[in-house]
>>> print(open('input.txt').read())   # compact mmCIF, C-alpha atoms
# COMPACT_ATOMS: atom_id res chain seq x y z
CA MET A 1 -47.83 -34.32 22.22
CA LYS A 2 -44.33 -33.45 23.39
CA VAL A 3 -41.18 -32.88 21.35
CA LEU A 4 -37.71 -32.40 22.81
CA PHE A 5 -35.21 -30.63 20.57
CA LYS A 6 -31.79 -31.73 21.80
CA ASN A 7 -28.21 -30.49 21.42
CA ALA A 8 -28.89 -27.46 19.23
CA THR A 9 -27.22 -24.09 19.19
CA VAL A 10 -30.28 -22.22 20.40
CA PHE A 11 -30.85 -18.54 19.57
CA PRO A 12 -33.63 -17.40 21.93
CA VAL A 13 -33.24 -13.76 20.70
CA SER A 14 -34.34 -12.58 24.15
CA SER A 15 -31.02 -13.79 25.56
CA LYS A 16 -27.63 -14.97 24.36
CA PRO A 17 -27.34 -18.13 22.26
CA PHE A 18 -26.34 -21.35 23.99
CA LYS A 19 -25.93 -25.06 23.29
CA GLY A 20 -28.91 -26.87 24.72
CA ASP A 21 -32.47 -28.06 24.42
CA VAL A 22 -36.06 -26.90 23.93
CA LEU A 23 -39.06 -28.88 25.19
CA VAL A 24 -42.35 -28.36 23.37
CA SER A 25 -45.71 -29.47 24.74
CA ASN A 26 -49.07 -29.07 22.97
CA GLY A 27 -47.74 -26.48 20.57
CA LYS A 28 -46.12 -24.31 23.24
CA ILE A 29 -42.55 -24.01 24.46
CA GLU A 30 -42.48 -25.59 27.92
CA LYS A 31 -38.81 -25.44 28.87
CA VAL A 32 -35.57 -24.01 27.49
CA GLY A 33 -32.22 -25.01 28.92
CA GLU A 34 -29.40 -27.54 29.06
CA ASN A 35 -29.65 -31.31 29.55
CA LEU A 36 -33.45 -31.35 29.52
CA GLU A 37 -35.16 -34.72 29.78
CA ASP A 38 -38.74 -35.91 29.34
CA PRO A 39 -39.56 -39.62 28.97
CA ASN A 40 -42.82 -38.81 27.15
CA ALA A 41 -41.27 -36.59 24.47
CA GLU A 42 -40.26 -37.44 20.94
CA ILE A 43 -36.55 -36.63 20.60
CA VAL A 44 -35.29 -34.50 17.72
CA ASP A 45 -31.51 -34.55 17.73
CA LEU A 46 -30.15 -31.23 16.43
CA THR A 47 -26.45 -31.82 17.03
CA GLY A 48 -24.54 -29.35 14.87
CA LYS A 49 -27.72 -27.45 13.93
CA PHE A 50 -28.96 -23.95 14.78
CA LEU A 51 -32.44 -23.38 16.24
CA PHE A 52 -34.17 -20.03 15.75
CA PRO A 53 -37.68 -18.69 16.31
CA GLY A 54 -39.73 -18.43 13.16
CA PHE A 55 -39.15 -15.14 11.39
CA ILE A 56 -42.01 -12.64 11.12
CA ASP A 57 -42.74 -10.20 8.30
CA ALA A 58 -45.12 -7.49 9.51
CA HIS A 59 -46.08 -6.27 6.01
CA SER A 60 -46.63 -8.72 3.18
CA HIS A 61 -48.80 -9.33 0.12
CA ILE A 62 -48.00 -13.04 -0.13
CA GLY A 63 -51.05 -15.05 -1.15
CA LEU A 64 -52.61 -11.87 -2.58
CA PHE A 65 -50.16 -11.09 -5.38
CA GLU A 66 -49.65 -14.77 -6.12
CA GLU A 67 -46.52 -16.16 -7.69
CA GLY A 68 -46.61 -17.03 -11.36
CA VAL A 69 -50.14 -15.89 -12.19
CA GLY A 70 -49.63 -12.36 -13.49
CA TYR A 71 -51.04 -8.99 -12.49
CA TYR A 72 -54.58 -9.58 -13.74
CA TYR A 73 -55.03 -12.62 -11.50
CA SER A 74 -53.82 -10.88 -8.36
CA ASP A 75 -56.11 -9.83 -5.51
CA GLY A 76 -54.05 -7.20 -3.71
CA ASN A 77 -55.80 -3.94 -4.64
CA GLU A 78 -59.51 -3.14 -4.84
CA ALA A 79 -58.59 -0.09 -6.93
CA THR A 80 -62.14 0.89 -7.81
CA ASP A 81 -62.79 3.38 -5.01
CA PRO A 82 -60.38 5.47 -2.89
CA VAL A 83 -62.15 4.33 0.30
CA THR A 84 -62.47 0.55 0.75
CA PRO A 85 -62.06 -0.11 4.49
CA HIS A 86 -64.61 -2.92 4.36
CA VAL A 87 -62.47 -5.24 2.19
CA LYS A 88 -60.34 -7.84 3.94
CA ALA A 89 -56.96 -9.13 2.78
CA LEU A 90 -57.99 -12.48 4.24
CA ASP A 91 -60.73 -12.85 1.62
CA GLY A 92 -58.14 -12.63 -1.16
CA PHE A 93 -55.46 -14.71 0.56
CA ASN A 94 -54.56 -18.01 -1.12
CA PRO A 95 -52.67 -20.27 1.31
CA GLN A 96 -51.68 -22.44 -1.65
CA ASP A 97 -49.56 -19.68 -3.20
CA PRO A 98 -46.34 -21.53 -4.18
CA ALA A 99 -44.35 -18.66 -2.65
CA ILE A 100 -45.46 -19.76 0.83
CA GLU A 101 -43.48 -23.00 0.77
CA ARG A 102 -40.45 -21.03 -0.38
CA ALA A 103 -41.05 -18.53 2.43
CA LEU A 104 -40.92 -21.43 4.88
CA ALA A 105 -37.67 -22.48 3.22
CA GLY A 106 -36.41 -19.03 4.18
CA GLY A 107 -37.40 -19.45 7.82
CA VAL A 108 -40.51 -17.21 7.75
CA THR A 109 -43.50 -18.62 9.64
CA THR A 110 -45.78 -15.62 10.28
CA VAL A 111 -46.82 -12.57 8.27
CA MET A 112 -49.17 -9.63 8.42
CA ILE A 113 -50.97 -9.68 5.07
CA VAL A 114 -52.25 -6.30 3.92
CA PRO A 115 -53.95 -4.93 0.80
CA GLY A 116 -51.82 -2.94 -1.60
CA SER A 117 -51.39 0.82 -1.64
CA ALA A 118 -53.64 1.93 -4.48
CA ASN A 119 -56.25 3.46 -2.18
CA PRO A 120 -55.92 6.08 0.56
CA ILE A 121 -57.92 3.61 2.66
CA GLY A 122 -57.23 0.18 1.27
CA GLY A 123 -58.71 -2.38 3.64
CA GLN A 124 -58.11 -4.70 6.56
CA GLY A 125 -54.97 -6.70 7.23
CA SER A 126 -54.59 -9.99 9.11
CA VAL A 127 -51.83 -11.88 10.90
CA VAL A 128 -51.48 -15.42 9.53
CA LYS A 129 -49.18 -18.39 10.00
CA PHE A 130 -48.14 -20.70 7.17
CA LYS A 131 -49.53 -23.84 8.78
CA SER A 132 -52.47 -24.96 6.62
CA ILE A 133 -54.16 -24.70 3.24
CA VAL A 134 -57.34 -23.80 5.13
CA VAL A 135 -57.44 -20.03 5.59
CA GLU A 136 -59.25 -20.12 8.93
CA GLU A 137 -56.57 -22.41 10.36
CA CYS A 138 -53.87 -19.91 9.38
CA VAL A 139 -55.42 -16.89 11.08
CA VAL A 140 -53.80 -15.56 14.24
CA LYS A 141 -55.48 -12.15 14.37
CA ASP A 142 -58.18 -10.62 12.16
CA PRO A 143 -58.55 -7.76 11.69
CA ALA A 144 -55.10 -6.69 12.78
CA GLY A 145 -54.98 -3.22 11.21
CA LEU A 146 -56.48 -0.89 8.63
CA LYS A 147 -54.22 -0.23 5.65
CA MET A 148 -53.92 3.35 4.37
CA ALA A 149 -51.62 4.97 1.83
CA PHE A 150 -50.01 8.35 1.25
CA GLY A 151 -47.70 9.59 -1.49
CA GLU A 152 -47.32 8.52 -5.09
CA ASN A 153 -49.46 5.38 -5.26
CA PRO A 154 -52.96 6.81 -4.72
CA LYS A 155 -51.94 9.96 -6.66
CA ARG A 156 -51.01 7.82 -9.65
CA VAL A 157 -53.98 5.45 -9.56
CA TYR A 158 -56.69 8.10 -9.23
CA GLY A 159 -54.87 11.02 -10.85
CA GLU A 160 -54.71 9.06 -14.11
CA ARG A 161 -58.51 8.84 -13.94
CA LYS A 162 -58.88 12.57 -13.26
CA GLN A 163 -60.46 11.60 -9.96
CA THR A 164 -59.82 12.56 -6.33
CA PRO A 165 -57.21 12.13 -4.98
CA SER A 166 -54.74 13.36 -7.57
CA THR A 167 -52.53 15.20 -5.04
CA ARG A 168 -51.15 14.66 -1.55
CA MET A 169 -53.72 17.22 -0.39
CA GLY A 170 -56.47 15.13 -1.89
CA THR A 171 -55.24 11.93 -0.23
CA ALA A 172 -55.15 13.56 3.20
CA GLY A 173 -58.57 15.06 2.54
CA VAL A 174 -60.08 11.67 1.63
CA ILE A 175 -58.73 10.11 4.84
CA ARG A 176 -59.92 12.99 7.02
CA ASP A 177 -63.35 12.88 5.42
CA TYR A 178 -63.61 9.17 6.14
CA PHE A 179 -62.77 9.54 9.82
CA MET A 180 -65.16 12.47 10.23
CA LYS A 181 -67.90 10.20 8.88
CA VAL A 182 -66.81 7.47 11.28
CA LYS A 183 -67.04 9.90 14.22
CA ASN A 184 -70.55 10.92 13.16
CA TYR A 185 -71.50 7.26 12.80
CA MET A 186 -70.27 6.55 16.32
CA LYS A 187 -72.32 9.46 17.67
CA LYS A 188 -75.45 8.05 16.00
CA LYS A 189 -74.84 4.67 17.62
CA GLU A 190 -74.26 6.25 21.02
CA LEU A 191 -77.42 8.35 20.69
CA ALA A 192 -79.51 5.30 19.76
CA GLU A 193 -78.12 3.41 22.74
CA LYS A 194 -78.79 6.37 25.04
CA GLU A 195 -82.40 6.54 23.84
CA GLY A 196 -82.82 2.78 24.20
CA LYS A 197 -83.37 2.34 20.46
CA GLU A 198 -82.05 -0.37 18.16
CA PHE A 199 -79.33 0.89 15.83
CA THR A 200 -80.32 -0.29 12.34
CA GLU A 201 -77.85 1.59 10.12
CA THR A 202 -74.86 -0.77 10.42
CA ASP A 203 -72.20 0.14 7.85
CA LEU A 204 -69.18 -2.14 7.36
CA LYS A 205 -67.04 0.76 6.18
CA MET A 206 -67.76 2.67 9.36
CA GLU A 207 -67.45 -0.32 11.71
CA ILE A 208 -63.78 -0.92 10.94
CA GLY A 209 -63.07 2.80 11.26
CA GLU A 210 -64.69 2.70 14.69
CA MET A 211 -62.26 -0.06 15.68
CA VAL A 212 -59.40 2.24 14.69
CA LEU A 213 -60.78 5.24 16.59
CA ARG A 214 -61.37 3.08 19.67
CA LYS A 215 -57.74 1.88 19.39
CA LYS A 216 -58.72 -1.75 19.01
CA ILE A 217 -56.52 -1.96 15.91
CA PRO A 218 -53.90 0.45 14.51
CA ALA A 219 -53.84 2.29 11.21
CA ARG A 220 -51.11 0.80 9.01
CA MET A 221 -49.97 3.83 7.01
CA HIS A 222 -47.93 3.44 3.82
CA ALA A 223 -45.58 6.45 3.64
CA HIS A 224 -42.10 6.75 2.12
CA ARG A 225 -41.23 10.45 2.18
CA ALA A 226 -40.60 12.28 5.44
CA ASP A 227 -43.41 14.76 4.74
CA ASP A 228 -45.87 11.91 4.07
CA ILE A 229 -44.87 10.26 7.34
CA LEU A 230 -45.50 13.52 9.16
CA THR A 231 -48.90 13.90 7.47
CA ALA A 232 -49.82 10.39 8.63
CA ILE A 233 -48.83 11.27 12.19
CA ARG A 234 -50.70 14.59 12.00
CA ILE A 235 -53.95 12.88 10.97
CA ALA A 236 -53.55 10.16 13.59
CA GLU A 237 -53.17 12.82 16.26
CA GLU A 238 -56.15 14.80 14.98
CA PHE A 239 -58.41 11.78 15.37
CA GLY A 240 -56.63 10.11 18.28
CA PHE A 241 -55.75 6.69 16.89
CA ASN A 242 -52.65 4.47 16.92
CA LEU A 243 -50.54 4.06 13.82
CA VAL A 244 -47.68 2.10 12.32
CA ILE A 245 -45.65 3.56 9.45
CA GLU A 246 -45.18 1.18 6.54
CA HIS A 247 -41.97 1.44 4.45
CA GLY A 248 -40.61 4.62 6.06
CA THR A 249 -37.93 5.14 3.40
CA GLU A 250 -37.07 8.60 4.76
CA ALA A 251 -37.92 7.82 8.40
CA TYR A 252 -34.26 8.31 9.35
CA LYS A 253 -34.64 12.02 8.53
CA ILE A 254 -37.25 12.47 11.26
CA SER A 255 -36.28 9.78 13.78
CA ARG A 256 -36.46 12.30 16.64
CA ILE A 257 -40.17 12.85 15.94
CA LEU A 258 -40.83 9.11 15.69
CA VAL A 259 -39.20 8.49 19.07
CA GLU A 260 -41.00 11.41 20.73
CA LYS A 261 -44.37 10.21 19.47
CA ASN A 262 -43.65 6.50 19.95
CA VAL A 263 -44.38 5.61 16.33
CA PRO A 264 -43.05 2.22 15.10
CA VAL A 265 -41.90 1.68 11.52
CA VAL A 266 -41.95 -1.45 9.37
CA VAL A 267 -38.98 -0.58 7.16
CA GLY A 268 -38.37 -1.75 3.62
CA PRO A 269 -38.03 -3.19 1.16
CA LEU A 270 -34.41 -2.04 1.03
CA LEU A 271 -32.68 -4.50 -1.28
CA THR A 272 -34.48 -3.20 -4.35
CA PHE A 273 -34.43 -0.79 -7.28
CA ARG A 274 -35.53 2.84 -6.74
CA THR A 275 -38.62 2.53 -8.89
CA LYS A 276 -40.15 5.95 -8.15
CA LEU A 277 -39.21 9.45 -7.10
CA GLU A 278 -40.13 9.03 -3.43
CA LEU A 279 -37.49 6.29 -3.16
CA LYS A 280 -34.60 8.48 -4.31
CA ASP A 281 -33.11 8.66 -0.79
CA LEU A 282 -33.47 4.94 -0.11
CA THR A 283 -30.50 3.59 1.85
CA MET A 284 -29.64 0.35 3.63
CA GLU A 285 -28.23 2.54 6.39
CA VAL A 286 -31.78 3.36 7.54
CA ILE A 287 -31.78 0.29 9.82
CA ALA A 288 -28.64 1.26 11.75
CA LYS A 289 -29.72 4.91 11.92
CA LEU A 290 -33.21 4.22 13.25
CA LEU A 291 -32.01 1.64 15.76
CA LYS A 292 -29.32 4.01 17.00
CA ASP A 293 -31.93 6.73 17.55
CA GLY A 294 -34.26 4.35 19.44
CA VAL A 295 -37.08 3.83 16.93
CA LEU A 296 -38.94 0.51 17.17
CA ILE A 297 -38.54 -1.05 13.73
CA ALA A 298 -39.16 -4.29 11.90
CA LEU A 299 -37.92 -5.25 8.43
CA MET A 300 -40.31 -6.13 5.59
CA CYS A 301 -39.71 -7.75 2.22
CA ASP A 302 -42.94 -6.28 0.84
CA HIS A 303 -43.38 -9.62 -0.92
CA PRO A 304 -43.49 -10.00 -3.89
CA VAL A 305 -41.12 -7.01 -4.26
CA ILE A 306 -38.48 -9.12 -2.55
CA PRO A 307 -39.52 -12.80 -2.39
CA LEU A 308 -40.15 -13.66 1.24
CA GLU A 309 -37.70 -16.56 1.09
CA PHE A 310 -34.91 -13.95 0.97
CA ALA A 311 -35.83 -12.15 4.20
CA THR A 312 -32.51 -13.14 5.78
CA VAL A 313 -30.55 -12.15 2.67
CA GLN A 314 -31.94 -8.61 2.89
CA ALA A 315 -31.24 -8.47 6.62
CA ALA A 316 -27.72 -9.82 6.27
CA THR A 317 -26.94 -7.20 3.62
CA ALA A 318 -27.57 -4.52 6.24
CA LEU A 319 -24.49 -5.81 8.10
CA ARG A 320 -22.43 -3.95 5.48
CA TYR A 321 -24.15 -0.70 6.44
CA GLY A 322 -23.59 -0.58 10.17
CA ALA A 323 -26.35 -2.80 11.56
CA LYS A 324 -25.39 -5.42 14.15
CA GLU A 325 -26.25 -9.11 14.02
CA GLU A 326 -28.27 -9.19 17.26
CA GLU A 327 -30.25 -6.12 16.19
CA LEU A 328 -31.05 -7.64 12.81
CA LEU A 329 -32.31 -10.82 14.44
CA LYS A 330 -34.66 -8.73 16.57
CA ILE A 331 -36.11 -6.86 13.59
CA LEU A 332 -36.99 -10.24 12.05
CA THR A 333 -38.49 -11.69 15.25
CA VAL A 334 -39.35 -9.92 18.48
CA ASN A 335 -39.72 -6.41 17.01
CA PRO A 336 -42.39 -7.32 14.44
CA ALA A 337 -44.10 -9.38 17.16
CA LYS A 338 -44.27 -6.23 19.31
CA ILE A 339 -45.55 -4.09 16.44
CA LEU A 340 -48.27 -6.67 15.74
CA GLY A 341 -49.18 -6.87 19.41
CA MET A 342 -48.23 -10.57 19.41
CA GLU A 343 -45.10 -10.51 21.58
CA ASP A 344 -46.82 -12.69 24.18
CA ARG A 345 -47.06 -15.50 21.60
CA MET A 346 -44.12 -15.28 19.22
CA GLY A 347 -40.80 -13.70 18.35
CA THR A 348 -38.52 -15.45 20.88
CA ILE A 349 -37.75 -18.93 22.19
CA GLU A 350 -39.11 -18.71 25.72
CA PRO A 351 -41.45 -20.80 27.88
CA GLY A 352 -45.10 -20.04 27.13
CA LYS A 353 -44.50 -18.87 23.56
CA ASP A 354 -45.84 -20.66 20.47
CA ALA A 355 -43.42 -23.36 19.33
CA ASP A 356 -42.67 -21.73 15.97
CA LEU A 357 -39.15 -23.08 15.50
CA VAL A 358 -36.80 -23.26 12.53
CA VAL A 359 -33.84 -25.63 12.22
CA TRP A 360 -30.98 -24.11 10.22
CA SER A 361 -27.84 -25.86 9.01
CA GLY A 362 -25.87 -22.77 10.09
CA HIS A 363 -26.43 -19.13 10.97
CA PRO A 364 -29.16 -17.57 8.77
CA PHE A 365 -26.89 -14.66 7.82
CA ASP A 366 -24.36 -17.11 6.35
CA MET A 367 -25.36 -17.48 2.70
CA LYS A 368 -24.38 -21.18 2.76
CA SER A 369 -26.94 -21.93 5.49
CA ARG A 370 -30.23 -23.58 4.67
CA VAL A 371 -33.47 -24.23 6.50
CA GLU A 372 -33.77 -27.96 7.15
CA ARG A 373 -37.01 -28.20 9.14
CA VAL A 374 -39.81 -25.82 10.21
CA PHE A 375 -42.24 -26.35 13.06
CA ILE A 376 -45.28 -24.15 13.67
CA GLU A 377 -46.90 -24.60 17.06
CA GLY A 378 -44.91 -27.79 17.45
CA THR A 379 -46.07 -29.40 14.19
CA GLU A 380 -43.63 -29.91 11.35
CA VAL A 381 -44.76 -27.99 8.24
CA PHE A 382 -41.59 -28.05 6.14
CA ARG A 383 -38.61 -30.34 5.61
CA LYS A 384 -35.83 -29.82 3.10
>>> encode(input="input.txt", output="structure tokens")
Amino acid sequence: MKVLFKNATVFPVSSKPFKGDVLVSNGKIEKVGENLEDPNAEIVDLTGKFLFPGFIDAHSHIGLFEEGVGYYYSDGNEATDPVTPHVKALDGFNPQDPAIERALAGGVTTVMIVPGSANPIGGQGSVVKFKSIVVEECVVKDPAGLKMAFGENPKRVYGERKQTPSTRMGTAGVIRDYFMKVKNYMKKKELAEKEGKEFTETDLKMEIGEMVLRKKIPARMHAHRADDILTAIRIAEEFGFNLVIEHGTEAYKISRILVEKNVPVVVGPLLTFRTKLELKDLTMEVIAKLLKDGVLIALMCDHPVIPLEFATVQAATALRYGAKEEELLKILTVNPAKILGMEDRMGTIEPGKDADLVVWSGHPFDMKSRVERVFIEGTEVFRK
């Protein structure tokens, strides 16, 4: 099936906007340019409309903390054990969460769903698209990372129970202990293989840790304060795995270190109340500061903290604090795609990419603009 989007103001993100056309074939972008023609394509006339790639949120709890059901019905935290690497966000994800349709109405097509931050090691995250009510049809990448948490959250959850970890020291100790066990597990497997024996002690908790240590997936490390970010980096270096910092409220204080060590940050949420002590230095200026210093960043809503439908509202607010329009578009599109390792499939309007396209009535940073139609891999999934 072919679809030809005609006469739009196209924002490829990878290059300057232009008035022209986009040809989609079998869910992929085939051509981008002016005066395109294809006699076999269905024509979608977008005269006067703006065409953007679908926005990407690289850290979300949508479908886990569902809208309108209350805390006790949510499935975001398995807060019964500090170490739960074997649990998968995908198993708690409800693609019929009403918030998903509203997210589409905000131009968001793809998210990385992750468990919450109750546990030092919270579980596996997945990249999903909002294209079906069947979970398996939504999945783009699973697992896509192992969620971990530093700072106040695990201290609060387990400290109230008089259980480890009740301090930052305890949290770091729990994570180190886990990865030491993973290393020992890997040695046992290697020894069995060397001796030609069958390995019969498969442990799901250890298997996902092995994927992290072999750099098949990154650690996704929740850390707000600068010292927590540095602890996360320290542990990653001790064990030799890749990491992404989640939230990074004080990342601007140590941007030099982040650049030197090539550590990306999924920043946010920023348009929110300072609910705890580690958010006291929260500022919307973090985006402009980190971009200026050369840190690879994306912008999260941390849904449901900020409903995902308002991703562009949060981004547009950063314009008041020194961020530039083209930079903000990148932190909603190509930057999260890079952080997720999906830049070959999404994040820009270019030939070969998935046809995740959003038709806007105007520019997304104009509060009067609305999403009129959304296409994921060339199939329409939303219409105003």
>>> residues_around(input="input.txt", residues="Met148 (chain A)", least_positions_apart="3", cutoff="10 Å", atoms="only C-alpha atoms", output="MDAnalysis selection string")
chainID A and resid 82:85 114:124 145 154 171 175 219:223 232 245:246
>>> residues_near_point(input="input.txt", point="(-25.9, 0.2, 8.4)", cutoff="9 Å", atoms="only C-alpha atoms", output="list of chain:residue names")
A:Thr283, A:Met284, A:Glu285, A:Val286, A:Ile287, A:Ala288, A:Lys289, A:Thr317, A:Ala318, A:Leu319, A:Arg320, A:Tyr321, A:Gly322, A:Ala323, A:Lys324
>>> write_last_selection(input="input.txt", atoms="C-alpha atoms", output="PDB file, in the coordinates of the input")
ATOM      1  CA  THR A 283     -30.500   3.590   1.850  1.00  0.00           C
ATOM      2  CA  MET A 284     -29.640   0.350   3.630  1.00  0.00           C
ATOM      3  CA  GLU A 285     -28.230   2.540   6.390  1.00  0.00           C
ATOM      4  CA  VAL A 286     -31.780   3.360   7.540  1.00  0.00           C
ATOM      5  CA  ILE A 287     -31.780   0.290   9.820  1.00  0.00           C
ATOM      6  CA  ALA A 288     -28.640   1.260  11.750  1.00  0.00           C
ATOM      7  CA  LYS A 289     -29.720   4.910  11.920  1.00  0.00           C
ATOM      8  CA  THR A 317     -26.940  -7.200   3.620  1.00  0.00           C
ATOM      9  CA  ALA A 318     -27.570  -4.520   6.240  1.00  0.00           C
ATOM     10  CA  LEU A 319     -24.490  -5.810   8.100  1.00  0.00           C
ATOM     11  CA  ARG A 320     -22.430  -3.950   5.480  1.00  0.00           C
ATOM     12  CA  TYR A 321     -24.150  -0.700   6.440  1.00  0.00           C
ATOM     13  CA  GLY A 322     -23.590  -0.580  10.170  1.00  0.00           C
ATOM     14  CA  ALA A 323     -26.350  -2.800  11.560  1.00  0.00           C
ATOM     15  CA  LYS A 324     -25.390  -5.420  14.150  1.00  0.00           C
TER      16      LYS A 324
END
>>> residues_around(input="input.txt", residues="Glu326 (chain A)", least_positions_apart="5", cutoff="10 Å", atoms="only C-alpha atoms", output="NGL selection string")
:A and (11 or 13-16 or 331)
>>> axis_aligned_box(input="input.txt", around="region 152-168 of chain A", padding_each_side="3 Å", output="lines of an AutoDock Vina configuration file")
center_x = -53.9
center_y = 10.3
center_z = -7.8
size_x = 19.1
size_y = 15.8
size_z = 18.6
>>> atom_distance(input="input.txt", atom1="CA of Gln96 (chain A)", atom2="CA of Gly68 (chain A)")
12.2 Å
>>> residues_around(input="input.txt", residues="Glu350 (chain A)", least_positions_apart="2", cutoff="12 Å", atoms="all atoms listed in the file", output="CSV table (one decimal) with C-alpha atoms, in the frame of the given file")
chain,number,residue,atom,x,y,z
A,10,VAL,CA,-30.3,-22.2,20.4
A,11,PHE,CA,-30.8,-18.5,19.6
A,12,PRO,CA,-33.6,-17.4,21.9
A,13,VAL,CA,-33.2,-13.8,20.7
A,14,SER,CA,-34.3,-12.6,24.2
A,15,SER,CA,-31.0,-13.8,25.6
A,21,ASP,CA,-32.5,-28.1,24.4
A,22,VAL,CA,-36.1,-26.9,23.9
A,23,LEU,CA,-39.1,-28.9,25.2
A,24,VAL,CA,-42.4,-28.4,23.4
A,28,LYS,CA,-46.1,-24.3,23.2
A,29,ILE,CA,-42.6,-24.0,24.5
A,30,GLU,CA,-42.5,-25.6,27.9
A,31,LYS,CA,-38.8,-25.4,28.9
A,32,VAL,CA,-35.6,-24.0,27.5
A,33,GLY,CA,-32.2,-25.0,28.9
A,52,PHE,CA,-34.2,-20.0,15.8
A,53,PRO,CA,-37.7,-18.7,16.3
A,334,VAL,CA,-39.4,-9.9,18.5
A,343,GLU,CA,-45.1,-10.5,21.6
A,344,ASP,CA,-46.8,-12.7,24.2
A,345,ARG,CA,-47.1,-15.5,21.6
A,346,MET,CA,-44.1,-15.3,19.2
A,347,GLY,CA,-40.8,-13.7,18.4
A,348,THR,CA,-38.5,-15.4,20.9
A,352,GLY,CA,-45.1,-20.0,27.1
A,353,LYS,CA,-44.5,-18.9,23.6
A,354,ASP,CA,-45.8,-20.7,20.5
A,355,ALA,CA,-43.4,-23.4,19.3
A,356,ASP,CA,-42.7,-21.7,16.0
A,357,LEU,CA,-39.2,-23.1,15.5
>>> atom_distance(input="input.txt", atom1="CA of His61 (chain A)", atom2="CA of Ile208 (chain A)")
20.3 Å
>>> atom_distance(input="input.txt", atom1="CA of Glu201 (chain A)", atom2="CA of Ala172 (chain A)")
26.6 Å
>>> closest_residue(input="input.txt", among="A:Asp97, A:Glu193, A:Glu327, A:Glu380", to="Pro304 (chain A)", atoms="only C-alpha atoms")
A:Asp97
>>> residues_around(input="input.txt", residues="region 263-275 of chain A", least_positions_apart="3", cutoff="6 Å", atoms="only C-alpha atoms", output="PDB file with C-alpha atoms, in the frame of the given file")
ATOM      1  CA  VAL A 244     -47.680   2.100  12.320  1.00  0.00           C
ATOM      2  CA  ILE A 245     -45.650   3.560   9.450  1.00  0.00           C
ATOM      3  CA  GLU A 246     -45.180   1.180   6.540  1.00  0.00           C
ATOM      4  CA  HIS A 247     -41.970   1.440   4.450  1.00  0.00           C
ATOM      5  CA  GLY A 248     -40.610   4.620   6.060  1.00  0.00           C
ATOM      6  CA  LEU A 258     -40.830   9.110  15.690  1.00  0.00           C
ATOM      7  CA  LEU A 279     -37.490   6.290  -3.160  1.00  0.00           C
ATOM      8  CA  MET A 284     -29.640   0.350   3.630  1.00  0.00           C
ATOM      9  CA  LEU A 296     -38.940   0.510  17.170  1.00  0.00           C
ATOM     10  CA  ILE A 297     -38.540  -1.050  13.730  1.00  0.00           C
ATOM     11  CA  ALA A 298     -39.160  -4.290  11.900  1.00  0.00           C
ATOM     12  CA  LEU A 299     -37.920  -5.250   8.430  1.00  0.00           C
ATOM     13  CA  MET A 300     -40.310  -6.130   5.590  1.00  0.00           C
ATOM     14  CA  CYS A 301     -39.710  -7.750   2.220  1.00  0.00           C
ATOM     15  CA  ASP A 302     -42.940  -6.280   0.840  1.00  0.00           C
ATOM     16  CA  GLN A 314     -31.940  -8.610   2.890  1.00  0.00           C
TER      17      GLN A 314
END
>>> closest_residue(input="input.txt", among="A:Gly170, A:Asn7, A:Pro17, A:Phe55", to="Glu37 (chain A)", atoms="all atoms listed in the file")
A:Asn7
>>> residues_around(input="input.txt", residues="region 103-107 of chain A", least_positions_apart="4", cutoff="6 Å", atoms="all atoms listed in the file", output="PyMOL selection string")
chain A and resi 54-55+308-309+371
>>> closest_residue(input="input.txt", among="A:Thr109, A:Thr164, A:Ser132, A:Thr47", to="Thr9 (chain A)", atoms="all atoms listed in the file")
A:Thr47
>>> closest_residue(input="input.txt", among="A:Ile229, A:Met206, A:Leu51, A:Val295", to="Glu372 (chain A)", atoms="only C-alpha atoms")
A:Leu51
>>> closest_residue(input="input.txt", among="A:Phe50, A:Phe239, A:Trp360, A:Phe365", to="Ala316 (chain A)", atoms="all atoms listed in the file")
A:Phe365
>>> closest_residue(input="input.txt", among="A:Phe18, A:Phe5, A:Tyr71, A:Phe130", to="Asp45 (chain A)", atoms="only C-alpha atoms")
A:Phe5
